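Undergrad: Got a structure for you, input.txt, holding compact mmCIF, C-alpha atoms.
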# COMPACT_ATOMS: atom_id res chain seq x y z
CA MET A 1 5.37 -8.99 -16.47
CA ALA A 2 3.39 -8.03 -13.38
CA GLY A 3 5.14 -6.42 -10.45
CA TYR A 4 6.80 -3.10 -9.71
CA ASP A 5 9.96 -1.17 -10.32
CA SER A 6 11.42 1.75 -8.41
CA ARG A 7 14.08 4.28 -9.34
CA GLN A 8 15.45 7.56 -8.04
CA VAL A 9 14.20 10.68 -9.84
CA ASP A 10 14.93 14.23 -8.63
CA GLY A 11 15.38 13.30 -4.98
CA ALA A 12 12.26 11.12 -4.91
CA THR A 13 11.61 7.45 -5.57
CA GLU A 14 9.39 6.81 -8.58
CA PHE A 15 7.37 3.58 -8.50
CA THR A 16 5.99 1.98 -11.65
CA THR A 17 3.57 -0.94 -11.28
CA VAL A 18 2.08 -3.41 -13.72
CA PRO A 19 -1.04 -5.24 -12.46
CA GLU A 20 -1.60 -8.98 -12.70
CA THR A 21 -3.74 -10.10 -15.65
CA VAL A 22 -7.23 -11.48 -15.05
CA PRO A 23 -7.30 -15.25 -15.67
CA MET A 24 -9.81 -16.68 -18.14
CA PRO A 25 -12.54 -18.78 -16.46
CA TYR A 26 -12.10 -21.80 -18.78
CA VAL A 27 -12.81 -24.47 -16.17
CA MET A 28 -15.93 -22.78 -14.82
CA VAL A 29 -17.46 -22.24 -18.27
CA ALA A 30 -16.16 -25.42 -19.95
CA ILE A 31 -18.72 -28.07 -18.93
CA PRO A 32 -21.93 -26.02 -19.14
CA GLY A 33 -20.63 -24.19 -22.22
CA VAL A 34 -19.75 -27.35 -24.14
CA LEU A 35 -23.06 -28.95 -23.21
CA LEU A 36 -24.98 -25.87 -24.33
CA ILE A 37 -23.12 -25.74 -27.64
CA LEU A 38 -23.57 -29.48 -28.29
CA ILE A 39 -27.30 -29.38 -27.55
CA ALA A 40 -27.72 -26.29 -29.73
CA LEU A 41 -25.69 -27.89 -32.55
CA SER A 42 -27.90 -30.99 -32.41
CA ILE A 43 -30.90 -28.79 -33.17
CA LYS A 44 -29.38 -26.53 -35.87
CA PHE A 45 -25.91 -25.30 -36.80
CA PHE A 46 -27.06 -21.69 -36.48
CA TYR A 47 -28.20 -22.30 -32.89
CA GLY A 48 -24.77 -23.76 -32.15
CA VAL A 49 -23.12 -20.57 -33.39
CA ILE A 50 -25.44 -18.50 -31.18
CA ALA A 51 -24.67 -20.76 -28.18
CA ALA A 52 -20.92 -20.37 -28.80
CA GLY A 53 -21.41 -16.59 -28.82
CA LEU A 54 -23.26 -16.78 -25.51
CA VAL A 55 -20.47 -18.85 -23.94
CA TYR A 56 -17.86 -16.38 -25.19
CA GLY A 57 -20.01 -13.53 -23.88
CA ALA A 58 -20.18 -15.13 -20.43
CA MET A 59 -16.39 -15.45 -20.32
CA TYR A 60 -15.98 -11.87 -21.54
CA LEU A 61 -18.33 -10.55 -18.86
CA LEU A 62 -16.53 -12.48 -16.12
CA THR A 63 -13.12 -11.14 -17.12
CA HIS A 64 -14.26 -7.57 -17.84
CA SER A 65 -16.65 -7.04 -14.93
CA LYS A 66 -16.18 -4.17 -12.51
CA GLN A 67 -14.90 -6.59 -9.88
CA ALA A 68 -12.25 -7.95 -12.25
CA THR A 69 -11.05 -4.62 -13.64
CA GLN A 70 -11.35 -2.30 -10.64
CA TYR A 71 -7.94 -0.82 -9.61
CA ARG A 72 -6.27 -2.96 -12.33
CA THR A 73 -4.39 -0.30 -14.31
CA PRO A 74 -0.67 0.39 -14.56
CA ALA A 75 0.35 3.06 -12.07
CA LYS A 76 3.18 5.53 -11.63
CA PHE A 77 3.72 7.60 -8.49
CA ARG A 78 6.55 9.34 -6.64
CA VAL A 79 7.37 9.20 -2.96
CA SER A 80 9.77 11.52 -1.14
CA PRO A 81 10.37 12.25 2.54
CA THR A 82 7.99 15.22 2.15
CA GLY A 83 5.03 13.37 0.64
CA VAL A 84 3.49 11.42 -2.22
CA ASP A 85 2.77 12.59 -5.78
CA VAL A 86 0.09 10.47 -7.44
CA GLY A 87 -2.11 11.30 -10.42
CA GLY A 88 -1.11 14.95 -10.46
CA ALA A 89 -2.00 15.43 -6.78
CA THR A 90 0.48 15.91 -3.96
CA ILE A 91 -0.22 14.51 -0.51
CA ALA A 92 1.97 16.03 2.21
CA LYS A 93 3.66 13.65 4.64
CA ASP A 94 2.10 15.45 7.62
CA ALA A 95 -1.40 14.71 6.28
CA ILE A 96 -0.76 10.97 5.78
CA HIS A 97 -2.14 8.81 8.58
CA ARG A 98 -1.12 5.41 7.24
CA VAL A 99 -0.20 3.30 4.24
CA ILE A 100 -2.44 0.25 3.99
CA ILE A 101 -3.04 -2.81 1.82
CA ARG A 102 -6.64 -3.58 0.79
CA ASN A 103 -8.38 -6.26 -1.29
CA HIS A 104 -11.86 -5.42 -2.61
CA ILE A 105 -12.58 -9.01 -3.77
CA LEU A 106 -11.85 -10.70 -0.45
CA LYS A 107 -13.52 -7.84 1.45
CA SER A 108 -16.77 -8.26 -0.50
CA ALA A 109 -16.80 -12.00 0.21
CA GLU A 110 -16.19 -11.50 3.93
CA GLY A 111 -19.04 -12.85 6.04
CA LEU A 112 -20.93 -14.17 3.01
CA ILE A 113 -23.34 -16.98 3.83
CA VAL A 114 -24.94 -19.11 1.11
CA VAL A 115 -28.11 -20.95 2.06
CA ALA A 116 -28.77 -24.15 0.14
CA ASN A 117 -31.82 -24.14 -2.12
CA PRO A 118 -33.75 -27.43 -2.24
CA ASN A 119 -34.90 -26.77 -5.83
CA GLN A 120 -32.60 -28.28 -8.42
CA ASN A 121 -31.41 -26.12 -11.30
CA SER A 122 -32.34 -22.97 -9.38
CA GLY A 123 -29.36 -21.07 -10.72
CA GLN A 124 -27.85 -20.87 -7.27
CA GLN A 125 -25.09 -23.31 -8.24
CA ASN A 126 -24.00 -20.97 -11.05
CA THR A 127 -23.99 -17.98 -8.72
CA VAL A 128 -21.91 -19.83 -6.13
CA ALA A 129 -19.52 -21.01 -8.86
CA GLY A 130 -19.05 -17.41 -10.02
CA MET A 131 -18.39 -16.21 -6.48
CA ASN A 132 -15.93 -19.05 -5.86
CA TRP A 133 -14.11 -18.21 -9.11
CA ALA A 134 -13.83 -14.57 -8.10
CA ILE A 135 -12.59 -15.42 -4.61
CA SER A 136 -10.11 -18.11 -5.67
CA LYS A 137 -8.77 -16.56 -8.88
CA LEU A 138 -9.23 -12.80 -8.51
CA GLY A 139 -8.72 -12.56 -4.75
CA PRO A 140 -4.97 -13.35 -4.74
CA ILE A 141 -4.26 -10.79 -7.51
CA SER A 142 -6.50 -7.92 -6.38
CA TYR A 143 -4.48 -6.27 -3.63
CA ARG A 144 -3.95 -2.54 -3.74
CA VAL A 145 -1.84 -0.05 -1.79
CA ASP A 146 -3.64 3.00 -0.41
CA VAL A 147 -2.39 6.11 1.37
CA GLU A 148 -4.88 7.56 3.84
CA ALA A 149 -4.73 11.30 4.40
CA ARG A 150 -7.35 13.29 6.32
CA GLY A 151 -9.56 10.17 6.36
CA VAL A 152 -9.59 9.82 2.56
CA PRO A 153 -7.88 6.84 0.91
CA THR A 154 -5.92 7.42 -2.29
CA THR A 155 -4.96 4.34 -4.29
CA LEU A 156 -1.31 4.28 -5.31
CA ALA A 157 -1.37 0.96 -7.19
CA GLY A 158 -3.77 -1.95 -7.62
CA GLY A 159 -4.21 -5.37 -9.20
CA LEU A 160 -1.21 -6.68 -7.28
CA SER A 161 -0.34 -9.92 -5.55
CA GLU A 162 0.02 -9.75 -1.77
CA PRO A 163 3.85 -9.96 -1.74
CA VAL A 164 4.16 -7.12 -4.28
CA ALA A 165 1.63 -4.94 -2.44
CA SER A 166 3.42 -5.63 0.84
CA ALA A 167 6.79 -4.71 -0.66
CA ILE A 168 5.42 -1.43 -2.06
CA MET A 169 3.77 -0.60 1.27
CA SER A 170 7.05 -1.29 3.09
CA ASP A 171 9.11 0.81 0.67
CA VAL A 172 6.66 3.73 0.80
CA SER A 173 6.54 3.61 4.61
CA LYS A 174 10.36 3.61 4.80
CA ILE A 175 10.69 6.59 2.47
CA LEU A 176 8.01 8.55 4.36
CA GLN A 177 9.57 7.40 7.67
CA LEU A 178 6.20 6.33 9.04
CA SER A 179 6.19 4.14 12.13
So, in terms of structure tokens, how does the structure I just supplied come out?

TA:
Amino acid sequence: MAGYDSRQVDGATEFTTVPETVPMPYVMVAIPGVLLILIALSIKFFYGVIAAGLVYGAMYLLTHSKQATQYRTPAKFRVSPTGVDVGGATIAKDAIHRVIIRNHILKSAEGLIVVANPNQNSGQQNTVAGMNWAISKLGPISYRVDVEARGVPTTLAGGLSEPVASAIMSDVSKILQLS
């Protein structure tokens, strides 16, 4: 189950997070995929098998792309009034400027303008469908919590929903006594 857990360990609070899972793009691939498989099956059974492999490959690439998997790993870190321990590194409280929530999916789509192409079947529709899938399905589950120290962000946890990321940010800020 996605979310986070916190517990007291040696005078510090240890956070354990589990990222949200990437949804399968069934709806986006269903119509073109079924049509491709049916047309290929009408020619030869072997071509239908190849088409089914291509459809599966498209779904695999969408769910295992860099955008879908970036920052989406279980995380464990400790926070104490003196600093943050994450990934074997210790960040002193005095060096931390802020704790912030980021979303790389929604940030990459910010200010994106798509110009209509008058040519039918130009491939633009597929590109826009892929971008819309990423924004609508991956965007809400791609928040991460970063600690910025000396101008360098360090990711504490990622692949989170906004409420979970906000709760972690609030808890970390309270423990560090940041204003």

Undergrad: Could you check which of A:Met28, A:Ile96, A:Leu36, A:Ala149 is closest to Met131 of chain A, using all atoms listed in the file?

TA: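 Nearest candidate to Met131 of chain A out of A:Met28, A:Ile96, A:Leu36, A:Ala149: A:Met28.
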
Undergrad: When you draw a straight line from atom CA of Gly11 of chain A to atom CA of Arg144 of chain A, how long is it in Å?

TA: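 Between atom CA of Gly11 of chain A and atom CA of Arg144 of chain A the gap works out to 25.0 Å.
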
Undergrad: To one decimal place, how far is atom CA of Leu41 of chain A from atom CA of Pro23 of chain A in Å?

TA: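 If I compute the distance from atom CA of Leu41 of chain A to atom CA of Pro23 of chain A, I get 28.0 Å.
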
Undergrad: Mind checking which residues fall within 10 Å of Ala134 of chain A, counting all atoms listed in the file, ignoring those fewer than 6 positions away in the same chain, and posting them as a list in words?

TA: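 Residues meeting the cut-off are Pro25, Leu62, Thr63, Gln67, Ala68, Ile105, Leu106, Ala109, Val128 and Pro140 of chain A.
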
Undergrad: What does the structure give for the distance between atom CA of Thr17 of chain A and atom CA of Ala89 of chain A, in Å to one decimal?

TA: 17.9 Å

Undergrad: Nearest to Arg7 of chain A: which of A:Val86, A:Val27, A:Val79, A:Met169 is it, counting only C-alpha atoms?

TA: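 For Arg7 of chain A, the nearest of the given residues is A:Val79.
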
Undergrad: Rank nothing, just name the residue among A:Leu160, A:Pro153, A:Ile50, A:Ile175 nearest to Ser80 of chain A, using all atoms listed in the file.

TA: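 Closest candidate: A:Ile175.
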
Undergrad: Draw an axis-aligned box over all listed atoms of segment 73-84 of chain A, pad each side with 8 Å, and write its centre and edge lengths in Å, one decimal, as lines of an AutoDock Vina configuration file.

TA:
center_x = 3.0
center_y = 7.5
center_z = -6.0
size_x = 30.8
size_y = 31.5
size_z = 33.1

Undergrad: Using only C-alpha atoms, find the one residue out of A:His97, A:Gly87, A:Pro74, A:Val34 that sits nearest to Gln177 of chain A.

TA: A:His97

Undergrad: Determine the nearest neighbour of Ser142 of chain A from the options A:Gly48, A:Gly88, A:Gly158, A:Pro32, counting only C-alpha atoms.

TA: A:Gly158

Undergrad: Let me make sure I understand: among A:Ala52, A:Leu61, A:Ile43, A:Ala92, which one has the smallest atom-to-atom distance to Glu148 of chain A if we use only C-alpha atoms?

TA: A:Ala92

Undergrad: Rebuild N, CA, C and O atoms on segment 158-172 of chain A, as a CSV table (one decimal), in the frame of the given file?

TA:
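Below is the file out-v4.csv, written as the result:
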chain,number,residue,atom,x,y,z
A,158,GLY,N,-2.8,-0.9,-7.9
A,158,GLY,CA,-3.8,-2.0,-7.6
A,158,GLY,C,-3.6,-3.1,-8.6
A,158,GLY,O,-2.7,-3.0,-9.5
A,159,GLY,N,-4.3,-4.2,-8.4
A,159,GLY,CA,-4.2,-5.4,-9.2
A,159,GLY,C,-2.9,-6.1,-8.9
A,159,GLY,O,-2.4,-6.8,-9.8
A,160,LEU,N,-2.5,-6.1,-7.7
A,160,LEU,CA,-1.2,-6.7,-7.3
A,160,LEU,C,-1.4,-8.0,-6.5
A,160,LEU,O,-2.4,-8.2,-5.9
A,161,SER,N,-0.3,-8.8,-6.4
A,161,SER,CA,-0.3,-9.9,-5.6
A,161,SER,C,0.0,-9.4,-4.2
A,161,SER,O,0.5,-8.3,-4.0
A,162,GLU,N,-0.2,-10.2,-3.1
A,162,GLU,CA,0.0,-9.8,-1.8
A,162,GLU,C,1.5,-9.5,-1.5
A,162,GLU,O,1.8,-8.4,-0.9
A,163,PRO,N,2.4,-10.3,-2.0
A,163,PRO,CA,3.8,-10.0,-1.7
A,163,PRO,C,4.3,-8.6,-2.4
A,163,PRO,O,5.0,-7.9,-1.8
A,164,VAL,N,3.8,-8.4,-3.6
A,164,VAL,CA,4.2,-7.1,-4.3
A,164,VAL,C,3.6,-5.9,-3.6
A,164,VAL,O,4.2,-4.9,-3.3
A,165,ALA,N,2.3,-6.0,-3.2
A,165,ALA,CA,1.6,-4.9,-2.4
A,165,ALA,C,2.3,-4.7,-1.1
A,165,ALA,O,2.5,-3.5,-0.7
A,166,SER,N,2.7,-5.8,-0.4
A,166,SER,CA,3.4,-5.6,0.8
A,166,SER,C,4.8,-5.0,0.7
A,166,SER,O,5.2,-4.1,1.5
A,167,ALA,N,5.5,-5.3,-0.4
A,167,ALA,CA,6.8,-4.7,-0.7
A,167,ALA,C,6.6,-3.2,-1.0
A,167,ALA,O,7.4,-2.4,-0.5
A,168,ILE,N,5.6,-2.9,-1.8
A,168,ILE,CA,5.4,-1.4,-2.1
A,168,ILE,C,5.1,-0.7,-0.8
A,168,ILE,O,5.6,0.4,-0.5
A,169,MET,N,4.2,-1.2,0.0
A,169,MET,CA,3.8,-0.6,1.3
A,169,MET,C,5.0,-0.4,2.2
A,169,MET,O,5.2,0.7,2.8
A,170,SER,N,5.8,-1.4,2.3
A,170,SER,CA,7.0,-1.3,3.1
A,170,SER,C,8.0,-0.2,2.6
A,170,SER,O,8.5,0.6,3.3
A,171,ASP,N,8.2,-0.2,1.3
A,171,ASP,CA,9.1,0.8,0.7
A,171,ASP,C,8.6,2.2,0.9
A,171,ASP,O,9.3,3.1,1.2
A,172,VAL,N,7.3,2.4,0.6
A,172,VAL,CA,6.7,3.7,0.8
A,172,VAL,C,6.7,4.2,2.3
A,172,VAL,O,7.1,5.3,2.5
